[in-house]
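Coordinates from final-v8.pdb are shown below (PDB, C-alpha atoms, pLDDT in the B column).
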ATOM      1  CA  MET K   2      -3.810  11.507  14.858  1.00 51.00           C
ATOM      2  CA  ASN K   3      -0.159  12.364  14.568  1.00 56.00           C
ATOM      3  CA  ASN K   4       1.136  11.069  17.881  1.00 84.00           C
ATOM      4  CA  THR K   5       3.749   8.411  17.075  1.00 89.00           C
ATOM      5  CA  GLU K   6       3.251   6.560  20.369  1.00 91.00           C
ATOM      6  CA  GLN K   7      -0.514   6.382  19.822  1.00 89.00           C
ATOM      7  CA  ILE K   8      -0.035   5.085  16.276  1.00 91.00           C
ATOM      8  CA  GLN K   9       2.394   2.428  17.533  1.00 94.00           C
ATOM      9  CA  LYS K  10      -0.091   1.426  20.235  1.00 94.00           C
ATOM     10  CA  LEU K  11      -2.867   1.020  17.661  1.00 95.00           C
ATOM     11  CA  GLU K  12      -0.564  -0.962  15.380  1.00 96.00           C
ATOM     12  CA  GLN K  13       0.367  -3.301  18.261  1.00 97.00           C
ATOM     13  CA  LYS K  14      -3.314  -3.834  19.106  1.00 97.00           C
ATOM     14  CA  ALA K  15      -4.066  -4.552  15.459  1.00 97.00           C
ATOM     15  CA  ARG K  16      -1.187  -7.050  15.186  1.00 97.00           C
ATOM     16  CA  ALA K  17      -2.324  -8.777  18.398  1.00 97.00           C
ATOM     17  CA  ALA K  18      -5.847  -8.985  16.964  1.00 97.00           C
ATOM     18  CA  MET K  19      -4.556 -10.625  13.768  1.00 97.00           C
ATOM     19  CA  LEU K  20      -2.599 -13.169  15.800  1.00 96.00           C
ATOM     20  CA  SER K  21      -5.636 -13.898  17.957  1.00 95.00           C
ATOM     21  CA  VAL K  22      -7.833 -14.431  14.907  1.00 95.00           C
ATOM     22  CA  TYR K  23      -5.150 -16.613  13.297  1.00 96.00           C
ATOM     23  CA  GLN K  24      -5.113 -18.876  16.351  1.00 94.00           C
ATOM     24  CA  ASN K  25      -8.879 -19.453  16.183  1.00 90.00           C
ATOM     25  CA  ASP K  26      -9.543 -22.587  14.177  1.00 77.00           C
ATOM     26  CA  THR K  27     -12.598 -21.541  12.185  1.00 80.00           C
ATOM     27  CA  ASP K  28     -13.531 -22.051   8.557  1.00 78.00           C
ATOM     28  CA  ASP K  29     -13.936 -18.330   7.871  1.00 85.00           C
ATOM     29  CA  ASN K  30     -10.590 -17.314   9.352  1.00 93.00           C
ATOM     30  CA  ALA K  31      -9.539 -14.306   7.238  1.00 96.00           C
ATOM     31  CA  VAL K  32      -6.010 -14.173   8.635  1.00 97.00           C
ATOM     32  CA  ARG K  33      -5.325 -17.858   7.998  1.00 95.00           C
ATOM     33  CA  LEU K  34      -6.870 -17.575   4.527  1.00 95.00           C
ATOM     34  CA  TYR K  35      -4.693 -14.546   3.716  1.00 97.00           C
ATOM     35  CA  ALA K  36      -1.490 -16.320   4.774  1.00 97.00           C
ATOM     36  CA  GLU K  37      -2.302 -19.626   3.068  1.00 95.00           C
ATOM     37  CA  HIS K  38      -3.426 -17.916  -0.152  1.00 97.00           C
ATOM     38  CA  HIS K  39      -0.172 -15.992  -0.459  1.00 98.00           C
ATOM     39  CA  LEU K  40       1.957 -19.011   0.392  1.00 97.00           C
ATOM     40  CA  GLU K  41       0.342 -20.772  -2.569  1.00 97.00           C
ATOM     41  CA  GLU K  42       0.502 -17.807  -4.946  1.00 97.00           C
ATOM     42  CA  LEU K  43       3.951 -16.314  -4.376  1.00 98.00           C
ATOM     43  CA  GLU K  44       7.185 -17.842  -5.564  1.00 98.00           C
ATOM     44  CA  PRO K  45       9.615 -19.495  -3.104  1.00 98.00           C
ATOM     45  CA  GLU K  46      12.176 -16.811  -4.003  1.00 98.00           C
ATOM     46  CA  TYR K  47       9.922 -14.121  -2.540  1.00 98.00           C
ATOM     47  CA  TRP K  48       9.674 -15.948   0.772  1.00 98.00           C
ATOM     48  CA  LEU K  49      13.391 -16.708   0.809  1.00 98.00           C
ATOM     49  CA  LYS K  50      14.173 -13.023   0.340  1.00 97.00           C
ATOM     50  CA  ASN K  51      11.666 -11.802   2.950  1.00 97.00           C
ATOM     51  CA  LEU K  52      11.656 -14.606   5.519  1.00 97.00           C
ATOM     52  CA  GLY K  53      14.876 -16.507   4.917  1.00 97.00           C
ATOM     53  CA  THR K  54      13.081 -19.697   3.930  1.00 97.00           C
ATOM     54  CA  ALA K  55      11.505 -20.819   0.669  1.00 97.00           C
ATOM     55  CA  THR K  56       8.750 -22.695   2.504  1.00 97.00           C
ATOM     56  CA  PRO K  57       7.543 -20.624   5.477  1.00 97.00           C
ATOM     57  CA  GLN K  58       4.699 -21.563   7.772  1.00 96.00           C
ATOM     58  CA  PRO K  59       1.495 -19.499   7.575  1.00 95.00           C
ATOM     59  CA  LEU K  60       2.167 -17.837  10.923  1.00 94.00           C
ATOM     60  CA  GLN K  61       5.503 -16.534   9.605  1.00 97.00           C
ATOM     61  CA  VAL K  62       3.660 -14.562   6.927  1.00 97.00           C
ATOM     62  CA  LEU K  63       2.157 -12.354   9.641  1.00 95.00           C
ATOM     63  CA  LYS K  64       5.634 -11.343  10.779  1.00 93.00           C
ATOM     64  CA  VAL K  65       6.465  -9.607   7.495  1.00 96.00           C
ATOM     65  CA  LEU K  66       3.209  -7.702   7.065  1.00 98.00           C
ATOM     66  CA  GLU K  67       3.667  -3.954   6.766  1.00 97.00           C
ATOM     67  CA  LEU K  68       1.282  -1.118   7.448  1.00 96.00           C
ATOM     68  CA  SER K  69      -0.388   0.125   4.313  1.00 92.00           C
ATOM     69  CA  PRO K  70       0.822   3.629   3.461  1.00 85.00           C
ATOM     70  CA  HIS K  71      -2.795   4.718   2.908  1.00 82.00           C
ATOM     71  CA  ILE K  72      -4.025   4.599   6.526  1.00 85.00           C
ATOM     72  CA  ASP K  73      -5.861   7.679   7.748  1.00 82.00           C
ATOM     73  CA  TRP K  74      -5.082   8.088  11.451  1.00 84.00           C
ATOM     74  CA  VAL K  75      -7.488  11.031  11.820  1.00 83.00           C
ATOM     75  CA  LEU K  76     -11.027   9.896  12.562  1.00 84.00           C
ATOM     76  CA  GLU K  77     -14.144  11.724  11.551  1.00 84.00           C
ATOM     77  CA  GLU K  78     -17.126  11.591  13.868  1.00 84.00           C
ATOM     78  CA  ASP K  79     -18.624   8.075  14.151  1.00 86.00           C
ATOM     79  CA  GLU K  80     -15.689   6.471  12.326  1.00 92.00           C
ATOM     80  CA  ASN K  81     -13.540   3.527  13.351  1.00 94.00           C
ATOM     81  CA  TYR K  82      -9.826   3.034  12.772  1.00 94.00           C
ATOM     82  CA  ARG K  83      -9.220   0.794   9.759  1.00 95.00           C
ATOM     83  CA  ILE K  84      -5.639  -0.421   9.891  1.00 96.00           C
ATOM     84  CA  ASP K  85      -4.541  -2.234   6.741  1.00 97.00           C
ATOM     85  CA  PHE K  86      -1.569  -4.577   6.533  1.00 98.00           C
ATOM     86  CA  THR K  87       0.003  -5.880   3.349  1.00 97.00           C
ATOM     87  CA  LEU K  88       3.004  -7.863   2.183  1.00 98.00           C
ATOM     88  CA  PRO K  89       6.231  -6.030   1.286  1.00 96.00           C
ATOM     89  CA  GLU K  90       7.086  -5.117  -2.300  1.00 96.00           C
ATOM     90  CA  GLU K  91       3.511  -4.598  -3.514  1.00 94.00           C
ATOM     91  CA  VAL K  92       3.096  -8.242  -4.513  1.00 97.00           C
ATOM     92  CA  THR K  93      -0.613  -8.419  -3.723  1.00 96.00           C
ATOM     93  CA  GLN K  94      -3.808  -6.433  -4.053  1.00 95.00           C
ATOM     94  CA  TYR K  95      -5.125  -7.937  -0.804  1.00 97.00           C
ATOM     95  CA  VAL K  96      -4.829  -6.430   2.657  1.00 97.00           C
ATOM     96  CA  LEU K  97      -5.712  -7.627   6.121  1.00 97.00           C
ATOM     97  CA  CYS K  98      -7.874  -4.909   7.647  1.00 97.00           C
ATOM     98  CA  VAL K  99      -8.188  -4.614  11.411  1.00 97.00           C
ATOM     99  CA  GLU K 100     -11.007  -2.378  12.566  1.00 96.00           C
ATOM    100  CA  LEU K 101     -10.846  -0.722  15.990  1.00 95.00           C
ATOM    101  CA  ASP K 102     -13.463   1.562  17.484  1.00 94.00           C
ATOM    102  CA  ARG K 103     -12.743   4.907  19.142  1.00 90.00           C
ATOM    103  CA  ASP K 104     -12.106   3.078  22.432  1.00 92.00           C
ATOM    104  CA  GLU K 105      -9.494   0.991  20.582  1.00 92.00           C
ATOM    105  CA  THR K 106     -11.542  -2.172  20.960  1.00 95.00           C
ATOM    106  CA  VAL K 107     -11.236  -4.623  18.072  1.00 95.00           C
ATOM    107  CA  VAL K 108     -14.374  -4.652  15.955  1.00 96.00           C
ATOM    108  CA  GLY K 109     -13.158  -7.192  13.406  1.00 95.00           C
ATOM    109  CA  VAL K 110     -10.469  -8.477  11.068  1.00 96.00           C
ATOM    110  CA  SER K 111     -11.135  -9.036   7.383  1.00 96.00           C
ATOM    111  CA  MET K 112      -9.317  -9.662   4.126  1.00 96.00           C
ATOM    112  CA  GLU K 113     -10.036  -7.015   1.498  1.00 96.00           C
ATOM    113  CA  SER K 114      -8.820  -6.024  -1.933  1.00 92.00           C
TER
END

Taking this structure as input, can you express it in the form of structure tokens?
Amino acid sequence: MNNTEQIQKLEQKARAAMLSVYQNDTDDNAVRLYAEHHLEELEPEYWLKNLGTATPQPLQVLKVLELSPHIDWVLEEDENYRIDFTLPEEVTQYVLCVELDRDETVVGVSMES
């Protein structure tokens, strides 16, 4: 896929899926776990630089996530889109991966390394 509008549409769907998962109050919430883990692990200076506060809330972490540069927008037969998001400045090996099927329906959201 090389259509910029289509890529932006998929990114928006993926971001909406992460927000939806974040808002679910479950024990195995990958999005919440990702945000809370990085709030504990990264220095206040990082957050101050990227969010303007040394002590952001977990939901604020989602606002600074960037698309991974390694996303393949061209699907092979029987493949799903796997859209990875990561924090700026390569400060983590973890990504939040949103999987969408060919119909652009969310299949799942997971934290991966």

| request: Just say which residues the PyMOL selection byres ((chain K and resi 56) around 12) picks in this file, as a PyMOL selection string. | output: chain K and resi 37+39-41+43-55+57-62

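Taking atom CA of Ala15 of chain K as the reference point, atom CA of Leu34 of chain K is found at 17.2 Å.
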
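Distances from K:Arg83, K:Arg33, K:Lys64, K:Lys10 to Val99 of chain K were compared using all atoms listed in the file, and the smallest one belongs to K:Arg83.
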
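With only C-alpha atoms as the atoms that count, the residue of K:Leu63, K:Ile84, K:Val96, K:Leu68 with the shortest distance to Gln24 of chain K is K:Leu63.
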
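The spacing separating atom CA of Trp74 of chain K from atom CA of Gln94 of chain K amounts to 21.3 Å.
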
Would you please take segment 57-93 of chain K of the structure in the block above and write N, CA, C and O atoms to a file as a PDB file, in the first residue's frame?
ATOM      1  N   PRO K  57       3.822  12.643  33.744  1.00  0.00           N
ATOM      2  CA  PRO K  57       2.591  12.521  32.951  1.00  0.00           C
ATOM      3  C   PRO K  57       1.686  11.398  33.449  1.00  0.00           C
ATOM      4  O   PRO K  57       2.132  10.508  34.189  1.00  0.00           O
ATOM      5  N   GLN K  58       0.451  11.450  33.028  1.00  0.00           N
ATOM      6  CA  GLN K  58      -0.499  10.382  33.290  1.00  0.00           C
ATOM      7  C   GLN K  58      -0.334   9.309  32.213  1.00  0.00           C
ATOM      8  O   GLN K  58       0.109   9.611  31.097  1.00  0.00           O
ATOM      9  N   PRO K  59      -0.698   8.064  32.504  1.00  0.00           N
ATOM     10  CA  PRO K  59      -0.529   7.003  31.515  1.00  0.00           C
ATOM     11  C   PRO K  59      -1.180   7.300  30.160  1.00  0.00           C
ATOM     12  O   PRO K  59      -0.594   7.010  29.117  1.00  0.00           O
ATOM     13  N   LEU K  60      -2.334   7.907  30.165  1.00  0.00           N
ATOM     14  CA  LEU K  60      -3.014   8.211  28.909  1.00  0.00           C
ATOM     15  C   LEU K  60      -2.201   9.172  28.033  1.00  0.00           C
ATOM     16  O   LEU K  60      -2.226   9.084  26.803  1.00  0.00           O
ATOM     17  N   GLN K  61      -1.438  10.053  28.666  1.00  0.00           N
ATOM     18  CA  GLN K  61      -0.610  11.003  27.913  1.00  0.00           C
ATOM     19  C   GLN K  61       0.484  10.297  27.115  1.00  0.00           C
ATOM     20  O   GLN K  61       0.912  10.795  26.078  1.00  0.00           O
ATOM     21  N   VAL K  62       0.927   9.147  27.596  1.00  0.00           N
ATOM     22  CA  VAL K  62       1.973   8.401  26.904  1.00  0.00           C
ATOM     23  C   VAL K  62       1.495   8.028  25.497  1.00  0.00           C
ATOM     24  O   VAL K  62       2.264   8.077  24.538  1.00  0.00           O
ATOM     25  N   LEU K  63       0.223   7.694  25.367  1.00  0.00           N
ATOM     26  CA  LEU K  63      -0.305   7.300  24.057  1.00  0.00           C
ATOM     27  C   LEU K  63      -0.212   8.429  23.042  1.00  0.00           C
ATOM     28  O   LEU K  63      -0.078   8.184  21.843  1.00  0.00           O
ATOM     29  N   LYS K  64      -0.250   9.654  23.512  1.00  0.00           N
ATOM     30  CA  LYS K  64      -0.229  10.807  22.608  1.00  0.00           C
ATOM     31  C   LYS K  64       1.109  10.984  21.907  1.00  0.00           C
ATOM     32  O   LYS K  64       1.171  11.584  20.839  1.00  0.00           O
ATOM     33  N   VAL K  65       2.190  10.498  22.502  1.00  0.00           N
ATOM     34  CA  VAL K  65       3.507  10.687  21.887  1.00  0.00           C
ATOM     35  C   VAL K  65       3.986   9.478  21.090  1.00  0.00           C
ATOM     36  O   VAL K  65       5.053   9.525  20.488  1.00  0.00           O
ATOM     37  N   LEU K  66       3.209   8.410  21.085  1.00  0.00           N
ATOM     38  CA  LEU K  66       3.635   7.224  20.337  1.00  0.00           C
ATOM     39  C   LEU K  66       3.755   7.539  18.851  1.00  0.00           C
ATOM     40  O   LEU K  66       2.934   8.253  18.278  1.00  0.00           O
ATOM     41  N   GLU K  67       4.794   6.990  18.256  1.00  0.00           N
ATOM     42  CA  GLU K  67       5.065   7.181  16.829  1.00  0.00           C
ATOM     43  C   GLU K  67       4.934   5.845  16.109  1.00  0.00           C
ATOM     44  O   GLU K  67       5.138   4.788  16.702  1.00  0.00           O
ATOM     45  N   LEU K  68       4.626   5.917  14.830  1.00  0.00           N
ATOM     46  CA  LEU K  68       4.632   4.704  14.023  1.00  0.00           C
ATOM     47  C   LEU K  68       6.050   4.166  13.927  1.00  0.00           C
ATOM     48  O   LEU K  68       6.996   4.929  13.749  1.00  0.00           O
ATOM     49  N   SER K  69       6.182   2.878  14.046  1.00  0.00           N
ATOM     50  CA  SER K  69       7.480   2.250  13.836  1.00  0.00           C
ATOM     51  C   SER K  69       7.864   2.411  12.370  1.00  0.00           C
ATOM     52  O   SER K  69       7.016   2.276  11.483  1.00  0.00           O
ATOM     53  N   PRO K  70       9.130   2.671  12.091  1.00  0.00           N
ATOM     54  CA  PRO K  70       9.540   2.839  10.693  1.00  0.00           C
ATOM     55  C   PRO K  70       9.572   1.523   9.919  1.00  0.00           C
ATOM     56  O   PRO K  70       9.783   1.514   8.721  1.00  0.00           O
ATOM     57  N   HIS K  71       9.322   0.408  10.594  1.00  0.00           N
ATOM     58  CA  HIS K  71       9.468  -0.909   9.972  1.00  0.00           C
ATOM     59  C   HIS K  71       8.130  -1.537   9.568  1.00  0.00           C
ATOM     60  O   HIS K  71       8.057  -2.740   9.375  1.00  0.00           O
ATOM     61  N   ILE K  72       7.087  -0.743   9.415  1.00  0.00           N
ATOM     62  CA  ILE K  72       5.772  -1.284   9.068  1.00  0.00           C
ATOM     63  C   ILE K  72       5.739  -1.584   7.573  1.00  0.00           C
ATOM     64  O   ILE K  72       6.154  -0.775   6.755  1.00  0.00           O
ATOM     65  N   ASP K  73       5.221  -2.762   7.249  1.00  0.00           N
ATOM     66  CA  ASP K  73       5.041  -3.137   5.845  1.00  0.00           C
ATOM     67  C   ASP K  73       3.571  -2.929   5.500  1.00  0.00           C
ATOM     68  O   ASP K  73       2.701  -3.645   5.980  1.00  0.00           O
ATOM     69  N   TRP K  74       3.288  -1.938   4.676  1.00  0.00           N
ATOM     70  CA  TRP K  74       1.905  -1.605   4.326  1.00  0.00           C
ATOM     71  C   TRP K  74       1.376  -2.450   3.174  1.00  0.00           C
ATOM     72  O   TRP K  74       0.229  -2.318   2.786  1.00  0.00           O
ATOM     73  N   VAL K  75       2.220  -3.312   2.601  1.00  0.00           N
ATOM     74  CA  VAL K  75       1.788  -4.184   1.511  1.00  0.00           C
ATOM     75  C   VAL K  75       1.521  -5.572   2.090  1.00  0.00           C
ATOM     76  O   VAL K  75       2.419  -6.203   2.641  1.00  0.00           O
ATOM     77  N   LEU K  76       0.288  -6.026   1.959  1.00  0.00           N
ATOM     78  CA  LEU K  76      -0.083  -7.319   2.526  1.00  0.00           C
ATOM     79  C   LEU K  76       0.088  -8.438   1.511  1.00  0.00           C
ATOM     80  O   LEU K  76      -0.241  -8.292   0.349  1.00  0.00           O
ATOM     81  N   GLU K  77       0.595  -9.542   2.006  1.00  0.00           N
ATOM     82  CA  GLU K  77       0.598 -10.768   1.214  1.00  0.00           C
ATOM     83  C   GLU K  77      -0.767 -11.433   1.437  1.00  0.00           C
ATOM     84  O   GLU K  77      -1.510 -11.062   2.342  1.00  0.00           O
ATOM     85  N   GLU K  78      -1.053 -12.416   0.632  1.00  0.00           N
ATOM     86  CA  GLU K  78      -2.323 -13.126   0.783  1.00  0.00           C
ATOM     87  C   GLU K  78      -2.444 -13.704   2.197  1.00  0.00           C
ATOM     88  O   GLU K  78      -1.478 -14.219   2.751  1.00  0.00           O
ATOM     89  N   ASP K  79      -3.618 -13.592   2.780  1.00  0.00           N
ATOM     90  CA  ASP K  79      -3.928 -14.119   4.118  1.00  0.00           C
ATOM     91  C   ASP K  79      -3.157 -13.437   5.244  1.00  0.00           C
ATOM     92  O   ASP K  79      -2.987 -14.007   6.312  1.00  0.00           O
ATOM     93  N   GLU K  80      -2.653 -12.250   5.016  1.00  0.00           N
ATOM     94  CA  GLU K  80      -1.957 -11.502   6.063  1.00  0.00           C
ATOM     95  C   GLU K  80      -2.865 -10.425   6.632  1.00  0.00           C
ATOM     96  O   GLU K  80      -3.801  -9.972   5.981  1.00  0.00           O
ATOM     97  N   ASN K  81      -2.546  -9.997   7.849  1.00  0.00           N
ATOM     98  CA  ASN K  81      -3.199  -8.862   8.477  1.00  0.00           C
ATOM     99  C   ASN K  81      -2.217  -7.700   8.560  1.00  0.00           C
ATOM    100  O   ASN K  81      -0.997  -7.904   8.532  1.00  0.00           O
ATOM    101  N   TYR K  82      -2.740  -6.492   8.682  1.00  0.00           N
ATOM    102  CA  TYR K  82      -1.887  -5.338   8.960  1.00  0.00           C
ATOM    103  C   TYR K  82      -1.403  -5.454  10.399  1.00  0.00           C
ATOM    104  O   TYR K  82      -2.178  -5.757  11.305  1.00  0.00           O
ATOM    105  N   ARG K  83      -0.134  -5.213  10.619  1.00  0.00           N
ATOM    106  CA  ARG K  83       0.440  -5.169  11.964  1.00  0.00           C
ATOM    107  C   ARG K  83       1.090  -3.791  12.091  1.00  0.00           C
ATOM    108  O   ARG K  83       2.147  -3.553  11.523  1.00  0.00           O
ATOM    109  N   ILE K  84       0.425  -2.922  12.822  1.00  0.00           N
ATOM    110  CA  ILE K  84       0.859  -1.535  12.930  1.00  0.00           C
ATOM    111  C   ILE K  84       1.495  -1.334  14.299  1.00  0.00           C
ATOM    112  O   ILE K  84       0.810  -1.413  15.321  1.00  0.00           O
ATOM    113  N   ASP K  85       2.801  -1.112  14.302  1.00  0.00           N
ATOM    114  CA  ASP K  85       3.552  -0.968  15.546  1.00  0.00           C
ATOM    115  C   ASP K  85       3.748   0.504  15.887  1.00  0.00           C
ATOM    116  O   ASP K  85       4.068   1.318  15.029  1.00  0.00           O
ATOM    117  N   PHE K  86       3.594   0.791  17.182  1.00  0.00           N
ATOM    118  CA  PHE K  86       3.824   2.128  17.716  1.00  0.00           C
ATOM    119  C   PHE K  86       4.897   2.038  18.784  1.00  0.00           C
ATOM    120  O   PHE K  86       4.944   1.076  19.550  1.00  0.00           O
ATOM    121  N   THR K  87       5.727   3.064  18.855  1.00  0.00           N
ATOM    122  CA  THR K  87       6.806   3.089  19.835  1.00  0.00           C
ATOM    123  C   THR K  87       7.008   4.514  20.342  1.00  0.00           C
ATOM    124  O   THR K  87       6.485   5.467  19.760  1.00  0.00           O
ATOM    125  N   LEU K  88       7.768   4.640  21.400  1.00  0.00           N
ATOM    126  CA  LEU K  88       8.076   5.959  21.944  1.00  0.00           C
ATOM    127  C   LEU K  88       9.167   6.634  21.110  1.00  0.00           C
ATOM    128  O   LEU K  88      10.016   5.954  20.529  1.00  0.00           O
ATOM    129  N   PRO K  89       9.162   7.959  21.064  1.00  0.00           N
ATOM    130  CA  PRO K  89      10.208   8.680  20.323  1.00  0.00           C
ATOM    131  C   PRO K  89      11.596   8.433  20.907  1.00  0.00           C
ATOM    132  O   PRO K  89      11.740   8.091  22.079  1.00  0.00           O
ATOM    133  N   GLU K  90      12.595   8.619  20.078  1.00  0.00           N
ATOM    134  CA  GLU K  90      14.003   8.609  20.476  1.00  0.00           C
ATOM    135  C   GLU K  90      14.556   7.217  20.773  1.00  0.00           C
ATOM    136  O   GLU K  90      15.579   7.086  21.440  1.00  0.00           O
ATOM    137  N   GLU K  91      13.902   6.186  20.317  1.00  0.00           N
ATOM    138  CA  GLU K  91      14.398   4.818  20.494  1.00  0.00           C
ATOM    139  C   GLU K  91      14.799   4.512  21.933  1.00  0.00           C
ATOM    140  O   GLU K  91      15.889   4.002  22.198  1.00  0.00           O
ATOM    141  N   VAL K  92      13.924   4.821  22.866  1.00  0.00           N
ATOM    142  CA  VAL K  92      14.214   4.604  24.284  1.00  0.00           C
ATOM    143  C   VAL K  92      13.715   3.261  24.803  1.00  0.00           C
ATOM    144  O   VAL K  92      13.902   2.947  25.975  1.00  0.00           O
ATOM    145  N   THR K  93      13.076   2.475  23.937  1.00  0.00           N
ATOM    146  CA  THR K  93      12.521   1.207  24.378  1.00  0.00           C
ATOM    147  C   THR K  93      12.603   0.168  23.273  1.00  0.00           C
ATOM    148  O   THR K  93      12.618   0.503  22.089  1.00  0.00           O
TER     149      THR K  93
END
